[in-house]
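Trainee: PDB, C-alpha atoms and all ligand atoms, file my_file_39.pdb:
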```pdb
ATOM      1  CA  MET T 125      58.836 -19.931  11.365
ATOM      2  CA  HIS T 126      57.639 -17.454  14.001
ATOM      3  CA  TYR T 127      54.136 -17.177  12.595
ATOM      4  CA  ARG T 128      52.104 -19.060  10.027
ATOM      5  CA  LYS T 129      52.763 -17.061   6.896
ATOM      6  CA  PHE T 130      50.368 -17.147   3.986
ATOM      7  CA  SER T 131      53.122 -17.947   1.506
ATOM      8  CA  SER T 132      54.152 -21.054   3.482
ATOM      9  CA  TYR T 133      50.540 -22.133   3.868
ATOM     10  CA  LEU T 134      49.988 -21.872   0.103
ATOM     11  CA  ARG T 135      53.113 -23.817  -0.708
ATOM     12  CA  GLN T 136      52.153 -26.529   1.798
ATOM     13  CA  THR T 137      48.581 -26.719   0.514
ATOM     14  CA  TYR T 138      49.112 -26.432  -3.233
ATOM     15  CA  GLY T 139      52.656 -27.747  -3.566
ATOM     16  CA  GLU T 140      54.077 -24.616  -5.191
ATOM     17  CA  LYS T 141      53.979 -20.841  -5.107
ATOM     18  CA  VAL T 142      50.536 -19.360  -5.679
ATOM     19  CA  TYR T 143      49.944 -15.752  -6.719
ATOM     20  CA  LYS T 144      46.964 -13.575  -5.997
ATOM     21  CA  ILE T 145      45.355 -11.664  -8.835
ATOM     22  CA  PRO T 146      43.104  -8.800  -7.775
ATOM     23  CA  ILE T 147      40.191  -8.017 -10.058
ATOM     24  CA  SER T 148      38.372  -4.712  -9.907
ATOM     25  CA  LEU T 149      34.663  -4.314 -10.482
ATOM     26  CA  ASP T 150      32.364  -1.372 -10.680
ATOM     27  CA  GLY T 151      30.308  -1.573  -7.582
ATOM     28  CA  THR T 152      29.251  -0.149  -4.321
ATOM     29  CA  CYS T 153      28.405  -1.335  -0.854
ATOM     30  CA  PRO T 154      25.376  -0.940   1.402
ATOM     31  CA  ASN T 155      27.271   1.604   3.483
ATOM     32  CA  ARG T 156      27.644   3.889   0.474
ATOM     33  CA  ASP T 157      24.414   3.538  -1.487
ATOM     34  CA  GLY T 158      22.046   4.390   1.356
ATOM     35  CA  SER T 159      20.684   0.933   2.154
ATOM     36  CA  VAL T 160      22.702   0.915   5.393
ATOM     37  CA  GLY T 161      24.407   4.286   5.248
ATOM     38  CA  VAL T 162      25.800   6.963   2.979
ATOM     39  CA  GLY T 163      29.341   8.219   2.677
ATOM     40  CA  GLY T 164      30.826   4.849   3.597
ATOM     41  CA  CYS T 165      33.301   3.991   6.318
ATOM     42  CA  THR T 166      35.470   6.957   7.273
ATOM     43  CA  ILE T 167      38.584   4.928   6.348
ATOM     44  CA  CYS T 168      37.378   4.031   2.839
ATOM     45  CA  SER T 169      39.076   5.324  -0.269
ATOM     46  CA  GLU T 170      37.247   6.592  -3.338
ATOM     47  CA  GLY T 171      37.733   3.279  -5.164
ATOM     48  CA  GLY T 172      36.264   1.216  -2.308
ATOM     49  CA  VAL T 173      39.561  -0.081  -0.836
ATOM     50  CA  GLY T 174      41.665  -1.621  -3.571
ATOM     51  CA  PHE T 175      45.028   0.065  -3.932
ATOM     52  CA  GLU T 176      46.610  -3.088  -5.332
ATOM     53  CA  LEU T 177      44.349  -3.209  -8.323
ATOM     54  CA  HIS T 178      45.856  -2.959 -11.757
ATOM     55  CA  HIS T 179      44.089  -2.512 -15.073
ATOM     56  CA  PHE T 180      41.206  -0.856 -13.230
ATOM     57  CA  ALA T 181      38.028  -0.463 -15.307
ATOM     58  CA  LYS T 182      38.976  -3.038 -17.966
ATOM     59  CA  PRO T 183      36.644  -6.010 -18.607
ATOM     60  CA  ILE T 184      37.237  -8.973 -16.268
ATOM     61  CA  GLU T 185      38.570 -11.200 -19.043
ATOM     62  CA  GLU T 186      41.158  -8.613 -19.997
ATOM     63  CA  GLN T 187      42.197  -7.909 -16.404
ATOM     64  CA  LEU T 188      42.684 -11.612 -15.945
ATOM     65  CA  ARG T 189      44.689 -12.013 -19.132
ATOM     66  CA  LEU T 190      46.957  -9.022 -18.451
ATOM     67  CA  ASN T 191      47.543  -9.888 -14.784
ATOM     68  CA  LYS T 192      48.234 -13.559 -15.479
ATOM     69  CA  ALA T 193      50.609 -12.704 -18.312
ATOM     70  CA  HIS T 194      52.506 -10.230 -16.108
ATOM     71  CA  ILE T 195      52.753 -12.561 -13.099
ATOM     72  CA  SER T 196      53.529 -15.705 -15.118
ATOM     73  CA  HIS T 197      56.320 -13.881 -16.914
ATOM     74  CA  LYS T 198      57.794 -12.295 -13.782
ATOM     75  CA  TYR T 199      57.496 -15.219 -11.343
ATOM     76  CA  ARG T 200      56.911 -18.249 -13.571
ATOM     77  CA  ALA T 201      53.653 -18.759 -11.719
ATOM     78  CA  ASN T 202      51.338 -21.636 -12.548
ATOM     79  CA  LYS T 203      48.656 -21.313  -9.889
ATOM     80  CA  PHE T 204      46.538 -18.355  -8.924
ATOM     81  CA  ILE T 205      44.028 -17.029  -6.444
ATOM     82  CA  ILE T 206      41.524 -14.648  -7.981
ATOM     83  CA  TYR T 207      40.427 -11.904  -5.614
ATOM     84  CA  PHE T 208      37.433  -9.662  -6.274
ATOM     85  CA  GLN T 209      38.752  -6.972  -3.996
ATOM     86  CA  ASN T 210      37.149  -3.572  -4.115
ATOM     87  CA  TYR T 211      33.831  -2.457  -2.630
ATOM     88  CA  THR T 212      31.614  -5.342  -1.445
ATOM     89  CA  THR T 213      31.539  -8.116  -4.013
ATOM     90  CA  THR T 214      28.894 -10.100  -2.124
ATOM     91  CA  TYR T 215      26.512  -7.118  -2.375
ATOM     92  CA  ARG T 216      25.056  -8.516  -5.606
ATOM     93  CA  SER T 217      22.420 -11.014  -6.634
ATOM     94  CA  ILE T 218      23.414 -14.667  -6.228
ATOM     95  CA  ASP T 219      23.203 -15.155 -10.014
ATOM     96  CA  ASP T 220      25.613 -12.258 -10.580
ATOM     97  CA  ILE T 221      28.065 -13.662  -8.045
ATOM     98  CA  VAL T 222      27.994 -17.131  -9.620
ATOM     99  CA  ASP T 223      28.516 -15.489 -13.010
ATOM    100  CA  LEU T 224      31.625 -13.713 -11.648
ATOM    101  CA  LEU T 225      32.980 -16.975 -10.263
ATOM    102  CA  THR T 226      32.536 -18.849 -13.518
ATOM    103  CA  GLN T 227      34.157 -16.027 -15.497
ATOM    104  CA  VAL T 228      37.445 -16.343 -13.611
ATOM    105  CA  ASP T 229      37.473 -20.033 -12.779
ATOM    106  CA  GLY T 230      40.075 -22.084 -14.609
ATOM    107  CA  ASP T 231      42.275 -25.130 -14.057
ATOM    108  CA  ASP T 232      45.088 -22.883 -12.821
ATOM    109  CA  VAL T 233      42.843 -21.144 -10.229
ATOM    110  CA  VAL T 234      43.017 -22.723  -6.777
ATOM    111  CA  GLU T 235      40.836 -20.308  -4.811
ATOM    112  CA  ILE T 236      38.523 -17.370  -5.387
ATOM    113  CA  GLY T 237      38.256 -14.566  -2.820
ATOM    114  CA  LEU T 238      35.217 -12.308  -2.483
ATOM    115  CA  SER T 239      35.232  -9.039  -0.536
ATOM    116  CA  ALA T 240      32.358  -9.089   1.927
ATOM    117  CA  ARG T 241      30.668  -7.263   4.773
ATOM    118  CA  PRO T 242      28.938  -9.178   7.585
ATOM    119  CA  ASP T 243      25.563  -7.799   6.451
ATOM    120  CA  THR T 244      25.891  -9.000   2.834
ATOM    121  CA  LEU T 245      26.001 -12.740   3.489
ATOM    122  CA  PRO T 246      22.482 -14.198   3.402
ATOM    123  CA  ASN T 247      22.202 -17.929   4.045
ATOM    124  CA  GLU T 248      21.030 -18.522   0.459
ATOM    125  CA  LEU T 249      24.317 -17.099  -0.828
ATOM    126  CA  LEU T 250      26.395 -19.045   1.701
ATOM    127  CA  ALA T 251      24.694 -22.275   0.618
ATOM    128  CA  VAL T 252      25.547 -21.612  -3.052
ATOM    129  CA  LEU T 253      29.158 -20.679  -2.259
ATOM    130  CA  ALA T 254      29.568 -23.771  -0.078
ATOM    131  CA  ASP T 255      28.469 -25.956  -3.016
ATOM    132  CA  TYR T 256      30.727 -24.238  -5.538
ATOM    133  CA  PRO T 257      33.343 -26.734  -6.777
ATOM    134  CA  LYS T 258      36.337 -24.588  -5.823
ATOM    135  CA  LYS T 259      37.519 -23.102  -2.567
ATOM    136  CA  ILE T 260      35.819 -19.763  -1.910
ATOM    137  CA  VAL T 261      37.305 -17.448   0.711
ATOM    138  CA  LEU T 262      35.179 -14.672   2.176
ATOM    139  CA  GLU T 263      37.461 -11.677   2.650
ATOM    140  CA  LEU T 264      35.449 -10.205   5.474
ATOM    141  CA  GLY T 265      35.854  -6.641   6.723
ATOM    142  CA  VAL T 266      35.774  -6.857  10.509
ATOM    143  CA  GLN T 267      38.093  -4.045  11.721
ATOM    144  CA  LEU T 268      37.641  -4.623  15.483
ATOM    145  CA  PHE T 269      35.183  -6.127  17.940
ATOM    146  CA  ASN T 270      34.324  -2.820  19.587
ATOM    147  CA  ASP T 271      30.946  -1.170  18.956
ATOM    148  CA  ARG T 272      32.183   2.327  19.849
ATOM    149  CA  ILE T 273      35.027   2.121  17.339
ATOM    150  CA  LEU T 274      32.790   0.612  14.640
ATOM    151  CA  SER T 275      30.413   3.509  15.173
ATOM    152  CA  ASP T 276      33.278   6.067  15.138
ATOM    153  CA  ILE T 277      34.345   4.856  11.693
ATOM    154  CA  ASN T 278      30.731   4.792  10.474
ATOM    155  CA  ARG T 279      30.921   1.111   9.748
ATOM    156  CA  GLY T 280      27.154   0.661   9.577
ATOM    157  CA  HIS T 281      27.059  -2.604  11.524
ATOM    158  CA  ASP T 282      27.900  -3.695  15.013
ATOM    159  CA  VAL T 283      29.878  -6.519  16.622
ATOM    160  CA  ALA T 284      26.762  -8.684  16.904
ATOM    161  CA  ALA T 285      26.465  -8.641  13.088
ATOM    162  CA  ILE T 286      30.051  -9.899  12.745
ATOM    163  CA  LEU T 287      29.513 -12.728  15.207
ATOM    164  CA  ASP T 288      26.267 -13.695  13.510
ATOM    165  CA  ALA T 289      28.109 -13.837  10.165
ATOM    166  CA  PHE T 290      30.897 -15.971  11.692
ATOM    167  CA  ASP T 291      28.317 -18.389  13.107
ATOM    168  CA  ARG T 292      26.491 -18.809   9.812
ATOM    169  CA  ILE T 293      29.680 -18.995   7.711
ATOM    170  CA  ASN T 294      30.895 -21.773  10.002
ATOM    171  CA  GLN T 295      27.592 -23.626   9.662
ATOM    172  CA  TYR T 296      28.165 -23.715   5.899
ATOM    173  CA  GLY T 297      31.814 -24.709   6.278
ATOM    174  CA  LEU T 298      33.146 -21.741   4.309
ATOM    175  CA  SER T 299      36.568 -20.167   4.765
ATOM    176  CA  VAL T 300      37.040 -16.658   6.100
ATOM    177  CA  CYS T 301      39.905 -14.228   6.008
ATOM    178  CA  ALA T 302      39.090 -11.599   8.642
ATOM    179  CA  HIS T 303      40.481  -8.115   7.950
ATOM    180  CA  LEU T 304      41.446  -6.185  11.072
ATOM    181  CA  ILE T 305      43.003  -2.794  11.826
ATOM    182  CA  LEU T 306      44.634  -3.003  15.240
ATOM    183  CA  ASN T 307      45.550   0.697  15.431
ATOM    184  CA  LEU T 308      42.258   2.378  14.608
ATOM    185  CA  PRO T 309      41.975   5.661  16.543
ATOM    186  CA  GLY T 310      40.851   4.942  20.089
ATOM    187  CA  ALA T 311      41.764   1.243  19.921
ATOM    188  CA  THR T 312      43.790  -0.222  22.769
ATOM    189  CA  MET T 313      45.810  -3.360  23.429
ATOM    190  CA  GLU T 314      42.633  -4.775  24.979
ATOM    191  CA  ASP T 315      40.953  -4.559  21.550
ATOM    192  CA  THR T 316      43.811  -6.578  20.059
ATOM    193  CA  VAL T 317      43.431  -9.273  22.709
ATOM    194  CA  THR T 318      39.657  -9.358  22.236
ATOM    195  CA  ALA T 319      40.147  -9.625  18.474
ATOM    196  CA  VAL T 320      42.531 -12.561  18.511
ATOM    197  CA  GLU T 321      40.537 -14.405  21.176
ATOM    198  CA  THR T 322      37.332 -13.936  19.158
ATOM    199  CA  LEU T 323      38.981 -15.273  15.997
ATOM    200  CA  ASN T 324      40.268 -18.240  18.004
ATOM    201  CA  ARG T 325      36.820 -18.890  19.445
ATOM    202  CA  TYR T 326      35.218 -18.964  15.984
ATOM    203  CA  GLN T 327      38.143 -20.947  14.514
ATOM    204  CA  ILE T 328      38.687 -18.358  11.794
ATOM    205  CA  GLU T 329      41.056 -19.775   9.194
ATOM    206  CA  ARG T 330      42.903 -16.626   8.126
ATOM    207  CA  VAL T 331      43.521 -13.055   9.156
ATOM    208  CA  LYS T 332      44.862  -9.971   7.415
ATOM    209  CA  LEU T 333      46.193  -7.384   9.819
ATOM    210  CA  HIS T 334      46.327  -3.946   8.262
ATOM    211  CA  SER T 335      48.011  -1.009   9.931
ATOM    212  CA  LEU T 336      45.799   2.036   9.487
ATOM    213  CA  TYR T 337      46.382   4.149   6.420
ATOM    214  CA  ILE T 338      44.632   7.403   5.714
ATOM    215  CA  PRO T 339      43.465   7.669   2.106
ATOM    216  CA  LYS T 340      43.412  11.127   0.563
ATOM    217  CA  GLY T 341      39.869  12.436   0.251
ATOM    218  CA  SER T 342      38.457  10.067   2.899
ATOM    219  CA  ALA T 343      36.403  11.271   5.865
ATOM    220  CA  ILE T 344      39.170  10.243   8.263
ATOM    221  CA  ALA T 345      41.607  12.391   6.267
ATOM    222  CA  LYS T 346      39.680  15.506   7.359
ATOM    223  CA  ASP T 347      40.138  14.599  11.037
ATOM    224  CA  TYR T 348      43.782  13.819  10.403
ATOM    225  CA  LEU T 349      44.416  17.165   8.703
ATOM    226  CA  ALA T 350      42.575  18.969  11.476
ATOM    227  CA  GLY T 351      44.932  17.338  13.984
ATOM    228  CA  GLY T 352      42.076  15.485  15.670
ATOM    229  CA  LEU T 353      43.471  11.959  15.452
ATOM    230  CA  GLU T 354      45.658  10.260  18.003
ATOM    231  CA  LEU T 355      47.732   7.592  16.270
ATOM    232  CA  ILE T 356      50.033   5.180  18.042
ATOM    233  CA  GLY T 357      53.691   4.814  17.023
ATOM    234  CA  ALA T 358      55.218   1.921  15.126
ATOM    235  CA  MET T 359      56.690   0.315  18.278
ATOM    236  CA  ASP T 360      53.269   0.299  19.954
ATOM    237  CA  TYR T 361      51.861  -1.303  16.806
ATOM    238  CA  TYR T 362      54.607  -3.952  17.002
ATOM    239  CA  ASP T 363      53.530  -4.639  20.603
ATOM    240  CA  ARG T 364      49.987  -5.300  19.378
ATOM    241  CA  LEU T 365      51.178  -7.553  16.564
ATOM    242  CA  GLU T 366      53.288  -9.484  19.026
ATOM    243  CA  ALA T 367      50.362  -9.875  21.455
ATOM    244  CA  PHE T 368      48.179 -11.063  18.581
ATOM    245  CA  ILE T 369      50.705 -13.602  17.320
ATOM    246  CA  ARG T 370      51.426 -15.002  20.774
ATOM    247  CA  ARG T 371      47.727 -15.648  21.426
ATOM    248  CA  ALA T 372      46.724 -16.795  17.925
ATOM    249  CA  HIS T 373      45.747 -20.410  17.354
ATOM    250  CA  PRO T 374      48.840 -22.119  15.882
ATOM    251  CA  ALA T 375      46.847 -23.066  12.760
ATOM    252  CA  MET T 376      45.601 -19.546  11.996
ATOM    253  CA  VAL T 377      47.077 -18.296   8.733
ATOM    254  CA  ILE T 378      48.391 -14.741   8.974
ATOM    255  CA  GLU T 379      48.220 -13.219   5.539
ATOM    256  CA  ARG T 380      49.493  -9.762   6.326
ATOM    257  CA  LEU T 381      50.833  -7.620   9.166
ATOM    258  CA  PHE T 382      50.853  -4.121   7.667
ATOM    259  CA  GLY T 383      48.662  -2.038   5.390
ATOM    260  CA  ARG T 384      49.756  -1.386   1.831
ATOM    261  CA  ALA T 385      48.874   1.895   0.199
ATOM    262  CA  PRO T 386      50.871   4.002  -2.247
ATOM    263  CA  ALA T 387      52.311   7.205  -0.781
ATOM    264  CA  GLU T 388      50.661   9.303  -3.494
ATOM    265  CA  ASP T 389      47.208   8.098  -2.447
ATOM    266  CA  SER T 390      47.546   8.390   1.309
ATOM    267  CA  LEU T 391      48.256  11.066   3.903
ATOM    268  CA  PHE T 392      49.581   8.571   6.409
ATOM    269  CA  CYS T 393      50.782   5.020   5.946
ATOM    270  CA  ASN T 394      53.170   2.865   7.944
ATOM    271  CA  TRP T 395      54.958   5.730   9.675
ATOM    272  CA  ASP T 396      56.597   6.745   6.386
ATOM    273  CA  ARG T 397      58.323   3.394   5.984
ATOM    274  CA  SER T 398      57.636   0.694   3.445
ATOM    275  CA  TRP T 399      55.587  -2.260   4.648
ATOM    276  CA  ARG T 400      58.485  -4.527   3.711
ATOM    277  CA  TYR T 401      60.919  -2.574   5.873
ATOM    278  CA  LEU T 402      58.538  -2.778   8.841
ATOM    279  CA  GLN T 403      57.840  -6.458   8.292
ATOM    280  CA  ASN T 404      61.544  -7.274   8.209
ATOM    281  CA  GLU T 405      62.172  -5.217  11.333
ATOM    282  CA  PHE T 406      59.253  -6.833  13.139
ATOM    283  CA  GLU T 407      60.309 -10.346  12.119
ATOM    284  CA  ARG T 408      63.825  -9.648  13.441
ATOM    285  CA  ARG T 409      62.225  -8.653  16.727
ATOM    286  CA  LEU T 410      60.249 -11.924  16.859
ATOM    287  CA  ALA T 411      63.441 -13.854  16.193
ATOM    288  CA  ALA T 412      65.518 -11.925  18.741
ATOM    289  CA  ASN T 413      62.909 -12.485  21.469
ATOM    290  CA  GLN T 414      62.127 -16.069  20.394
ATOM    291  CA  ILE T 415      58.423 -15.355  20.032
ATOM    292  CA  PHE T 416      56.236 -17.882  18.221
ATOM    293  CA  GLN T 417      52.615 -17.987  17.143
ATOM    294  CA  GLY T 418      50.545 -19.719  19.804
ATOM    295  CA  ASP T 419      53.039 -19.189  22.664
ATOM    296  CA  ASP T 420      50.142 -17.915  24.798
ATOM    297  CA  PHE T 421      47.329 -19.837  23.092
ATOM    298  CA  ASP T 422      45.275 -21.504  25.812
ATOM    299  CA  GLU T 423      43.052 -24.225  24.397
ATOM    300  CA  THR T 424      41.018 -24.532  27.607
ATOM    301  CA  LYS T 425      39.620 -21.019  27.011
ATOM    302  CA  TYR T 426      37.827 -22.189  23.903
ATOM    303  CA  SER T 427      36.571 -25.635  24.831
TER     304      SER T 427
HETATM  305  S1  LIG T 501      35.413   0.051   3.520
HETATM  306 FE1  LIG T 501      34.166  -1.496   2.465
HETATM  307  S2  LIG T 501      32.270  -1.513   3.671
HETATM  308 FE2  LIG T 501      33.275   0.417   4.169
HETATM  309  S3  LIG T 501      32.442   1.924   2.718
HETATM  310 FE3  LIG T 501      34.318   1.083   1.816
HETATM  311  S4  LIG T 501      33.609  -0.574   0.485
HETATM  312 FE4  LIG T 501      31.954  -0.115   1.925
END
```
Kindly present the structure from the file in structure tokens form.
Ligand code: SF4

Mentor:
Amino acid sequence: MHYRKFSSYLRQTYGEKVYKIPISLDGTCPNRDGSVGVGGCTICSEGGVGFELHHFAKPIEEQLRLNKAHISHKYRANKFIIYFQNYTTTYRSIDDIVDLLTQVDGDDVVEIGLSARPDTLPNELLAVLADYPKKIVLELGVQLFNDRILSDINRGHDVAAILDAFDRINQYGLSVCAHLILNLPGATMEDTVTAVETLNRYQIERVKLHSLYIPKGSAIAKDYLAGGLELIGAMDYYDRLEAFIRRAHPAMVIERLFGRAPAEDSLFCNWDRSWRYLQNEFERRLAANQIFQGDDFDETKYS
């Protein structure tokens, strides 16, 4: 195995295949409702980032029933991860969040994921989540550790806020999946190296690497259509993935390498290839060059 794939991690941890069920909620985030900003991140879609959601706008119980029935039938699945994906799930009262958890929790649920921003994780919430009797994973939007780029995409928080969230999450012993976009406009290979070294330093359990996609109707779509965006090519993106994987702590779980957005909803995604095609091509490249996760991981940097 050239990198620590999520599917292998799940099989190792839970003894069988585990399937993720995304649940959609009405909601918002502080970068849309005016408490931090308005208009949201420039890369955000109308639905608050959640292209993989099915049965949108149905009650939670029904979404759960329909998704479980579909997945159980198709894959004979017995274990699930429930993922509250769109907008910022942790931008709610603690009572509301606990109510969401209890609504989806069942014997066949092994983890529950909550979409989060660094500025929506008060200590009181972290304490409650840490005590919850099931593994909670904070699916934390990070993007990159570069204040200029965070400001360019109107993220509404800076790098210091991310590091503060990492520190406090670690104090409470909670799990994080950090979401990064290595090819945001203006990002360089140096940003990739900084990102992986920062995740190593904070011992972040999981990462989702998304290649940039440009949702129709988003603020970034206007720049794209006006020809004002410089985007790197797929081979340059592969170089960044490779640099990330080589430096990543061997235990870091890599959930994803490419973004996933339907062609009809995006102006640009994965250089007009499917994510599966790119993943296969990239994995062949890792194999041909005998590249493994942690090849360049230097423990002395983090001690
Ligand atoms: S990407 Fe997330 S944080 Fe940014 S505006 Fe959309 S929902 Fe809010």

Trainee: Name the residues captured by the PyMOL selection byres (((chain T and resi 338) around 6) and not hetatm) when it is applied to the shown file; answer as JSON, numbers by chain.

Mentor: {"T": [337, 339, 345, 390, 391, 392]}

Trainee: Using C-alpha atoms, can you export the residues from the last selection as a PDB file, in the frame of the given file?

Mentor:
```pdb
ATOM      1  CA  TYR T 337      46.382   4.149   6.420  1.00  0.00           C
ATOM      2  CA  PRO T 339      43.465   7.669   2.106  1.00  0.00           C
ATOM      3  CA  ALA T 345      41.607  12.391   6.267  1.00  0.00           C
ATOM      4  CA  SER T 390      47.546   8.390   1.309  1.00  0.00           C
ATOM      5  CA  LEU T 391      48.256  11.066   3.903  1.00  0.00           C
ATOM      6  CA  PHE T 392      49.581   8.571   6.409  1.00  0.00           C
TER       7      PHE T 392
END
```

Trainee: When the PyMOL selection byres (((chain T and resi 251) around 12) and not hetatm) is applied to the structure above, which residues does it catch, written out as a list in words?

Mentor: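 Applied to this file, the PyMOL selection byres (((chain T and resi 251) around 12) and not hetatm) selects Ile218, Val222, Leu245, Pro246, Asn247, Glu248, Leu249, Leu250, Val252, Leu253, Ala254, Asp255, Tyr256, Ile260, Arg292, Ile293, Asn294, Gln295, Tyr296, Gly297 and Leu298 of chain T.
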
Trainee: For atom CA of Ala240 of chain T and atom S3 of ligand LIG 501 (chain T), quote the distance in Å rounded to one decimal.

Mentor: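 Calculated distance between atom CA of Ala240 of chain T and atom S3 of ligand LIG 501 (chain T) is 11.0 Å.
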
Trainee: Which residues fall under the PyMOL selection byres (((chain T and resi 379) around 10) and not hetatm) in this file, as a PyMOL selection string?

Mentor: chain T and resi 128-131+133+301-303+330-334+376-378+380-382

Trainee: Which residue, T:Pro146, T:Gly161, T:Gly237, T:Gly383, has the smallest gap to Ser299 of chain T when you use only C-alpha atoms?

Mentor: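 That would be T:Gly237, the residue with the smallest distance to Ser299 of chain T.
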
Trainee: Using only C-alpha atoms and all ligand atoms, determine which residues fall within 9 Å of ligand LIG 501 (chain T), then list them as a VMD selection string.

Mentor: chain T and resid 151 to 156 161 to 173 210 to 212 239 to 241 265 277 to 280

Trainee: Please write the residues from the selection above to a file, keeping C-alpha atoms, as a CSV table (one decimal), in the coordinates of the input.

Mentor:
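The file below, result_39.csv, is the result:
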```csv
chain,number,residue,atom,x,y,z
T,151,GLY,CA,30.3,-1.6,-7.6
T,152,THR,CA,29.3,-0.1,-4.3
T,153,CYS,CA,28.4,-1.3,-0.9
T,154,PRO,CA,25.4,-0.9,1.4
T,155,ASN,CA,27.3,1.6,3.5
T,156,ARG,CA,27.6,3.9,0.5
T,161,GLY,CA,24.4,4.3,5.2
T,162,VAL,CA,25.8,7.0,3.0
T,163,GLY,CA,29.3,8.2,2.7
T,164,GLY,CA,30.8,4.8,3.6
T,165,CYS,CA,33.3,4.0,6.3
T,166,THR,CA,35.5,7.0,7.3
T,167,ILE,CA,38.6,4.9,6.3
T,168,CYS,CA,37.4,4.0,2.8
T,169,SER,CA,39.1,5.3,-0.3
T,170,GLU,CA,37.2,6.6,-3.3
T,171,GLY,CA,37.7,3.3,-5.2
T,172,GLY,CA,36.3,1.2,-2.3
T,173,VAL,CA,39.6,-0.1,-0.8
T,210,ASN,CA,37.1,-3.6,-4.1
T,211,TYR,CA,33.8,-2.5,-2.6
T,212,THR,CA,31.6,-5.3,-1.4
T,239,SER,CA,35.2,-9.0,-0.5
T,240,ALA,CA,32.4,-9.1,1.9
T,241,ARG,CA,30.7,-7.3,4.8
T,265,GLY,CA,35.9,-6.6,6.7
T,277,ILE,CA,34.3,4.9,11.7
T,278,ASN,CA,30.7,4.8,10.5
T,279,ARG,CA,30.9,1.1,9.7
T,280,GLY,CA,27.2,0.7,9.6
```

Trainee: Rebuild N, CA, C and O atoms on segment 293-304 of chain T, as a short mmCIF file (atom, residue, chain, number, x, y, z; two decimals), in the coordinates of the input?

Mentor:
```cif
data_model
loop_
_atom_site.label_atom_id
_atom_site.label_comp_id
_atom_site.auth_asym_id
_atom_site.auth_seq_id
_atom_site.Cartn_x
_atom_site.Cartn_y
_atom_site.Cartn_z
N ILE T 293 28.61 -18.55 8.63
CA ILE T 293 29.68 -19.00 7.71
C ILE T 293 30.22 -20.36 8.17
O ILE T 293 30.43 -21.27 7.37
N ASN T 294 30.39 -20.50 9.47
CA ASN T 294 30.90 -21.77 10.00
C ASN T 294 29.89 -22.90 9.77
O ASN T 294 30.28 -24.04 9.47
N GLN T 295 28.60 -22.58 9.91
CA GLN T 295 27.59 -23.63 9.66
C GLN T 295 27.71 -24.17 8.24
O GLN T 295 27.47 -25.34 7.98
N TYR T 296 28.06 -23.28 7.30
CA TYR T 296 28.16 -23.72 5.90
C TYR T 296 29.57 -24.21 5.55
O TYR T 296 29.83 -24.59 4.41
N GLY T 297 30.46 -24.17 6.50
CA GLY T 297 31.81 -24.71 6.28
C GLY T 297 32.66 -23.89 5.31
O GLY T 297 33.57 -24.42 4.67
N LEU T 298 32.36 -22.59 5.22
CA LEU T 298 33.15 -21.74 4.31
C LEU T 298 34.37 -21.16 5.02
O LEU T 298 34.42 -21.08 6.24
N SER T 299 35.34 -20.74 4.21
CA SER T 299 36.57 -20.17 4.76
C SER T 299 36.45 -18.65 4.85
O SER T 299 35.88 -18.01 3.97
N VAL T 300 37.05 -18.11 5.90
CA VAL T 300 37.04 -16.66 6.10
C VAL T 300 38.46 -16.16 6.27
O VAL T 300 39.27 -16.78 6.95
N CYS T 301 38.72 -15.01 5.65
CA CYS T 301 39.90 -14.23 6.01
C CYS T 301 39.36 -12.95 6.63
O CYS T 301 38.73 -12.14 5.94
N ALA T 302 39.59 -12.79 7.94
CA ALA T 302 39.09 -11.60 8.64
C ALA T 302 40.10 -10.46 8.49
O ALA T 302 41.29 -10.66 8.71
N HIS T 303 39.60 -9.28 8.10
CA HIS T 303 40.48 -8.12 7.95
C HIS T 303 40.34 -7.23 9.19
O HIS T 303 39.24 -6.80 9.53
N LEU T 304 41.46 -6.98 9.84
CA LEU T 304 41.45 -6.18 11.07
C LEU T 304 42.39 -5.00 10.96
O LEU T 304 43.38 -5.05 10.22
#
```
